[in-house]
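Trainee: Please see the structure below; I have some questions.
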There are 2 protein chains.
Amino acid sequence: MLTGEQLERVCVVLVRARNPNNIGAVARAMYGFGFEELRVVSEYPVALSEARSAVDAAEVLAGAREFSRLADAIADCTLVIGTTAGGKRVQEHPLYPLAEGGGIVRAHLSSDDRSRVALIFGSEKTGLSRDELSYCNWTMTIPMFEREGVRHPSMNLGQAAAVCLYELIRGGDLPASVAVADAMAGDLDRLTILLAELLDKSEYTRRHPASGDAAALRRLVRRMQFDSADAAMWMGILRQALWKIRDKRP
Amino acid sequence: MLTGEQLERVCVVLVRARNPNNIGAVARAMYGFGFEELRVVSEYPVALSEARSAVDAAEVLAGAREFSRLADAIADCTLVIGTTAGGKRVQEHPLYPLAEGGGIVRAHLSSDDRSRVALIFGSEKTGLSRDELSYCNWTMTIPMFEREGVRHPSMNLGQAAAVCLYELIRGGDLPASVAVADAMAGDLDRLTILLAELLDKSEYTRRHPASGDAAALRRLVRRMQFDSADAAMWMGILRQALWKIRDKRP
């Protein structure tokens, strides 16, 4: 079971959610299971304000924070997980079934009392975009029953969030050992930007145009499982290289 | 994991559900996890017909069956489970947290390939009544986060069903040993009626008026964990006693 203090370190991030009832339902599940931190990423602030009347969700919704960029919403998190309906779409990230992914989240929260986990849900219609997924360390899916020749089933946003949060509070054993990368997403974002700049300034991108894909770069950085000290050191290395390139002195 | 054949032996029973969107959401979760058998108990058939447009739920809704009495909806089931929001209400039935109850359901489905499980959800507003709960072998609750001085939180019907069904398909170990009572609910209902008749005809009820409470009698019978042969034998015993009382011969 997660402690109250660990529950506080889980953020639910809704990206481009459009239906206020769904936002209310997510907040209600959070409140029911003891989670507090709701973050909403949207260009339009309408949905959140309309959701505020939902039953049993007032406390969570009152404390919800709005962001216009996903990167800002997850900047203080050390583990960023995208949820996906799975199905036949090509996976560019590690994909864990919920029961397994939940165990890794619990292990992450137990390993370091400054760790903070973001659980990201995409819009009702399209889920998370390839670009949004590129901010994630890995992805998680609720296992669905497969039928021949029909499209992959899905649940509504309120149900998906309730099931994922239930798995987190459900308890159960921790996986035997989990490597914990404790770098904050904000640092990884800065590191990625420095790396992109270096690729550009070093003309690597000109020779290998595919490497200029920002999402591919973000995934590269997330796959490396940085801890915070390593991330800081790598940023120092990249800055130094950039300075050297700009300076042009031998 | 449940096999496809085991999934078919789970019935989701909605009692007095009023909101077609909720019925649609329950059907969608059932479809997503591979369950098929939806039964709706209602005096008004409106809600089910309105729900038929729900996404990803058409197949389940098309096969849904309507009943006017709960007893009829569960008559062919060998394990009947009521879901409850828990909280401070006095429990007259064994109450299991979902993770534990789910294990017992899986064990029941594995133990006998004719076993059939009913999972009952009450109305959005009031849950299951004391009378409705009396048809259940035991009850199950989704563990909620308790806060001082505020009312017990709950989820909406679509979320509660999704979380319960997820627990069933989630997998995990079976409990070490589970006593399986395989009598069908219809038999237990007949047995209860015979028992009530015997209490009446034997004037037991006149001397102990509290024992005439039909719900209390139903709970009594369900607590006894009848297998089908025992139930048949007990019905024979009760019938014989009633015959003897009516006949009045020495």
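Going by the structure tokens order, chains are called A, B, ..., each with residues numbered from 1, while ligands are numbered from 1 in the order shown.
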Output as a list in words the set of chain B residues within 6 Å of chain A, with distances taken over only C-alpha atoms.

Mentor: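 Taking only C-alpha atoms into account, Gly32, Phe33, Gly34, Met144, Phe145, Pro153, Gln159 and Val163 of chain B sit within 6 Å of chain A.
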
Trainee: Could those residues be written to a file, using all heavy atoms, as a PDB file, in the first residue's frame?

Mentor:
```
ATOM      1  N   GLY B  32     -14.601  -4.272 -22.950  1.00  0.00           N
ATOM      2  CA  GLY B  32     -13.157  -4.069 -22.966  1.00  0.00           C
ATOM      3  C   GLY B  32     -12.399  -5.202 -22.286  1.00  0.00           C
ATOM      4  O   GLY B  32     -11.310  -5.580 -22.704  1.00  0.00           O
ATOM      5  N   PHE B  33     -12.979  -5.732 -21.216  1.00  0.00           N
ATOM      6  CA  PHE B  33     -12.294  -6.783 -20.467  1.00  0.00           C
ATOM      7  C   PHE B  33     -12.748  -8.188 -20.884  1.00  0.00           C
ATOM      8  O   PHE B  33     -12.272  -9.170 -20.327  1.00  0.00           O
ATOM      9  CB  PHE B  33     -12.515  -6.583 -18.967  1.00  0.00           C
ATOM     10  CG  PHE B  33     -11.766  -5.385 -18.403  1.00  0.00           C
ATOM     11  CD1 PHE B  33     -12.397  -4.495 -17.554  1.00  0.00           C
ATOM     12  CD2 PHE B  33     -10.427  -5.178 -18.714  1.00  0.00           C
ATOM     13  CE1 PHE B  33     -11.708  -3.402 -17.027  1.00  0.00           C
ATOM     14  CE2 PHE B  33      -9.734  -4.096 -18.189  1.00  0.00           C
ATOM     15  CZ  PHE B  33     -10.372  -3.204 -17.349  1.00  0.00           C
ATOM     16  N   GLY B  34     -13.695  -8.272 -21.818  1.00  0.00           N
ATOM     17  CA  GLY B  34     -14.078  -9.586 -22.337  1.00  0.00           C
ATOM     18  C   GLY B  34     -15.274 -10.251 -21.659  1.00  0.00           C
ATOM     19  O   GLY B  34     -15.528 -11.429 -21.878  1.00  0.00           O
ATOM     20  N   MET B 144     -11.396   2.660  -0.237  1.00  0.00           N
ATOM     21  CA  MET B 144     -11.337   4.112  -0.453  1.00  0.00           C
ATOM     22  C   MET B 144     -10.509   4.753   0.654  1.00  0.00           C
ATOM     23  O   MET B 144     -10.372   4.218   1.737  1.00  0.00           O
ATOM     24  CB  MET B 144     -12.755   4.695  -0.435  1.00  0.00           C
ATOM     25  CG  MET B 144     -13.604   4.274  -1.622  1.00  0.00           C
ATOM     26  SD  MET B 144     -13.368   5.385  -3.035  1.00  0.00           S
ATOM     27  CE  MET B 144     -13.459   4.232  -4.391  1.00  0.00           C
ATOM     28  N   PHE B 145      -9.979   5.907   0.335  1.00  0.00           N
ATOM     29  CA  PHE B 145      -9.122   6.642   1.266  1.00  0.00           C
ATOM     30  C   PHE B 145     -10.004   7.344   2.305  1.00  0.00           C
ATOM     31  O   PHE B 145     -10.892   8.107   1.944  1.00  0.00           O
ATOM     32  CB  PHE B 145      -8.308   7.662   0.468  1.00  0.00           C
ATOM     33  CG  PHE B 145      -7.216   8.322   1.252  1.00  0.00           C
ATOM     34  CD1 PHE B 145      -6.032   7.648   1.508  1.00  0.00           C
ATOM     35  CD2 PHE B 145      -7.365   9.616   1.719  1.00  0.00           C
ATOM     36  CE1 PHE B 145      -4.998   8.266   2.209  1.00  0.00           C
ATOM     37  CE2 PHE B 145      -6.331  10.235   2.419  1.00  0.00           C
ATOM     38  CZ  PHE B 145      -5.156   9.557   2.665  1.00  0.00           C
ATOM     39  N   PRO B 153     -15.986   8.579   0.553  1.00  0.00           N
ATOM     40  CA  PRO B 153     -16.064   8.869  -0.888  1.00  0.00           C
ATOM     41  C   PRO B 153     -16.576   7.666  -1.681  1.00  0.00           C
ATOM     42  O   PRO B 153     -16.558   6.531  -1.194  1.00  0.00           O
ATOM     43  CB  PRO B 153     -14.623   9.178  -1.262  1.00  0.00           C
ATOM     44  CG  PRO B 153     -13.788   8.519  -0.242  1.00  0.00           C
ATOM     45  CD  PRO B 153     -14.600   8.435   1.019  1.00  0.00           C
ATOM     46  N   GLN B 159     -17.171   3.727 -13.272  1.00  0.00           N
ATOM     47  CA  GLN B 159     -15.826   3.563 -12.721  1.00  0.00           C
ATOM     48  C   GLN B 159     -15.756   2.356 -11.786  1.00  0.00           C
ATOM     49  O   GLN B 159     -14.814   1.567 -11.836  1.00  0.00           O
ATOM     50  CB  GLN B 159     -15.416   4.824 -11.953  1.00  0.00           C
ATOM     51  CG  GLN B 159     -15.178   6.022 -12.855  1.00  0.00           C
ATOM     52  CD  GLN B 159     -14.864   7.267 -12.057  1.00  0.00           C
ATOM     53  OE1 GLN B 159     -15.620   7.653 -11.161  1.00  0.00           O
ATOM     54  NE2 GLN B 159     -13.764   7.917 -12.376  1.00  0.00           N
ATOM     55  N   VAL B 163     -13.296  -0.889 -12.308  1.00  0.00           N
ATOM     56  CA  VAL B 163     -12.272  -1.283 -11.334  1.00  0.00           C
ATOM     57  C   VAL B 163     -12.498  -2.732 -10.871  1.00  0.00           C
ATOM     58  O   VAL B 163     -11.558  -3.533 -10.811  1.00  0.00           O
ATOM     59  CB  VAL B 163     -12.263  -0.311 -10.132  1.00  0.00           C
ATOM     60  CG1 VAL B 163     -11.390  -0.841  -9.000  1.00  0.00           C
ATOM     61  CG2 VAL B 163     -11.771   1.067 -10.569  1.00  0.00           C
TER      62      VAL B 163
END
```

Trainee: What lies within 7 Å of Gly122 in chain B using only C-alpha atoms, ignoring chain neighbours under 5 positions off, as an MDAnalysis selection string?

Mentor: chainID B and resid 14:17 127:128

Trainee: With C-alpha atoms kept, could you save the residues just selected as a compact mmCIF listing (two decimals), in the first residue's frame?

Mentor:
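Below you can see selection-v1.txt, which holds the result:
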```
# COMPACT_ATOMS: atom_id res chain seq x y z
CA LEU B 14 -27.28 -3.68 -12.43
CA VAL B 15 -30.13 -3.01 -10.00
CA ARG B 16 -32.18 0.15 -10.43
CA ALA B 17 -29.53 1.93 -12.50
CA GLY B 127 -26.39 1.47 -3.72
CA LEU B 128 -27.96 -1.88 -2.86
```

Trainee: Based on the backbone DSSP call, show me all residues of range 30-231 of chain A assigned alpha helix (DSSP H), as a VMD selection string.

Mentor: chain A and resid 30 to 33 46 to 51 58 to 62 70 to 73 98 to 111 130 to 133 157 to 169 185 to 201 204 to 207 214 to 223 228 to 231

Trainee: Show which residues sit within 9 Å of Glu43 in chain B, as a list of chain:residue names. Count only C-alpha atoms, and ignore same-chain residues fewer than 6 positions away.

Mentor: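 Residues near the query, excluding close chain neighbours: B:Arg16, B:Phe67, B:Ser68, B:Arg69.
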
Trainee: With N, CA and C atoms retained, could you export that selection as an mmCIF file, in the first residue's frame?

Mentor:
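The file below, selection38.cif, is the result:
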```cif
data_model
loop_
_atom_site.group_PDB
_atom_site.id
_atom_site.type_symbol
_atom_site.label_atom_id
_atom_site.label_comp_id
_atom_site.auth_asym_id
_atom_site.auth_seq_id
_atom_site.Cartn_x
_atom_site.Cartn_y
_atom_site.Cartn_z
ATOM 1 N N ARG B 16 -31.639 -1.200 -10.493
ATOM 2 C CA ARG B 16 -32.184 0.150 -10.427
ATOM 3 C C ARG B 16 -31.213 1.231 -10.929
ATOM 4 N N PHE B 67 -34.846 -7.868 -16.166
ATOM 5 C CA PHE B 67 -35.630 -8.606 -15.179
ATOM 6 C C PHE B 67 -36.354 -7.595 -14.298
ATOM 7 N N SER B 68 -37.529 -7.996 -13.809
ATOM 8 C CA SER B 68 -38.180 -7.090 -12.868
ATOM 9 C C SER B 68 -37.837 -7.458 -11.421
ATOM 10 N N ARG B 69 -37.330 -8.682 -11.193
ATOM 11 C CA ARG B 69 -36.961 -9.074 -9.833
ATOM 12 C C ARG B 69 -35.506 -9.514 -9.776
#
```

Trainee: Within range 44-135 of chain A, find each residue whose DSSP state, derived from the backbone, is strand (DSSP E or B), and express the selection as a list of chain:residue names.

Mentor: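 After running DSSP on the backbone, range 44-135 of chain A has strand (DSSP E or B) at A:Arg65, A:Glu66, A:Phe67, A:Leu79, A:Val80, A:Ile81, A:Gly82, A:Thr83, A:Leu95, A:Tyr96, A:Pro97, A:Val117, A:Ala118, A:Leu119, A:Ile120, A:Phe121, A:Ser123, A:Gly127.
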
Trainee: Keeping only C-alpha atoms, take the residues you just selected and write them out as a PDB file, in the first residue's frame.

Mentor:
```pdb
ATOM      1  CA  ARG A  65      -3.246  23.495 -11.761  1.00  0.00           C
ATOM      2  CA  GLU A  66      -3.447  24.504 -15.425  1.00  0.00           C
ATOM      3  CA  PHE A  67      -0.564  24.514 -17.862  1.00  0.00           C
ATOM      4  CA  LEU A  79       9.209   9.424 -13.519  1.00  0.00           C
ATOM      5  CA  VAL A  80       6.829  10.282 -16.364  1.00  0.00           C
ATOM      6  CA  ILE A  81       4.443   7.609 -17.590  1.00  0.00           C
ATOM      7  CA  GLY A  82       2.152   7.859 -20.579  1.00  0.00           C
ATOM      8  CA  THR A  83      -1.018   5.813 -20.630  1.00  0.00           C
ATOM      9  CA  LEU A  95       5.094  -0.654 -22.853  1.00  0.00           C
ATOM     10  CA  TYR A  96       4.099  -2.320 -19.568  1.00  0.00           C
ATOM     11  CA  PRO A  97       0.749  -3.861 -18.740  1.00  0.00           C
ATOM     12  CA  VAL A 117       5.588  10.438 -10.580  1.00  0.00           C
ATOM     13  CA  ALA A 118       3.442  11.862 -13.392  1.00  0.00           C
ATOM     14  CA  LEU A 119       0.708   9.682 -14.846  1.00  0.00           C
ATOM     15  CA  ILE A 120      -0.398  11.235 -18.133  1.00  0.00           C
ATOM     16  CA  PHE A 121      -3.732  10.669 -19.866  1.00  0.00           C
ATOM     17  CA  SER A 123      -7.546  13.348 -24.914  1.00  0.00           C
ATOM     18  CA  GLY A 127      -5.024   9.663 -26.632  1.00  0.00           C
TER      19      GLY A 127
END
```

Trainee: Which value, in Å to one decimal, gives the distance between CA of Glu8 in chain A and CA of Leu109 in chain A?

Mentor: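 We find that CA of Glu8 in chain A and CA of Leu109 in chain A lie 10.1 Å from each other.
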
Trainee: Near Gly186 in chain A, counting only C-alpha atoms, which residues have an atom at most 7 Å away, once you skip same-chain residues fewer than 3 positions from it, shown as a list in words?

Mentor: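 The filter keeps Ala75, Asp76, Asp189 and Arg190 of chain A.
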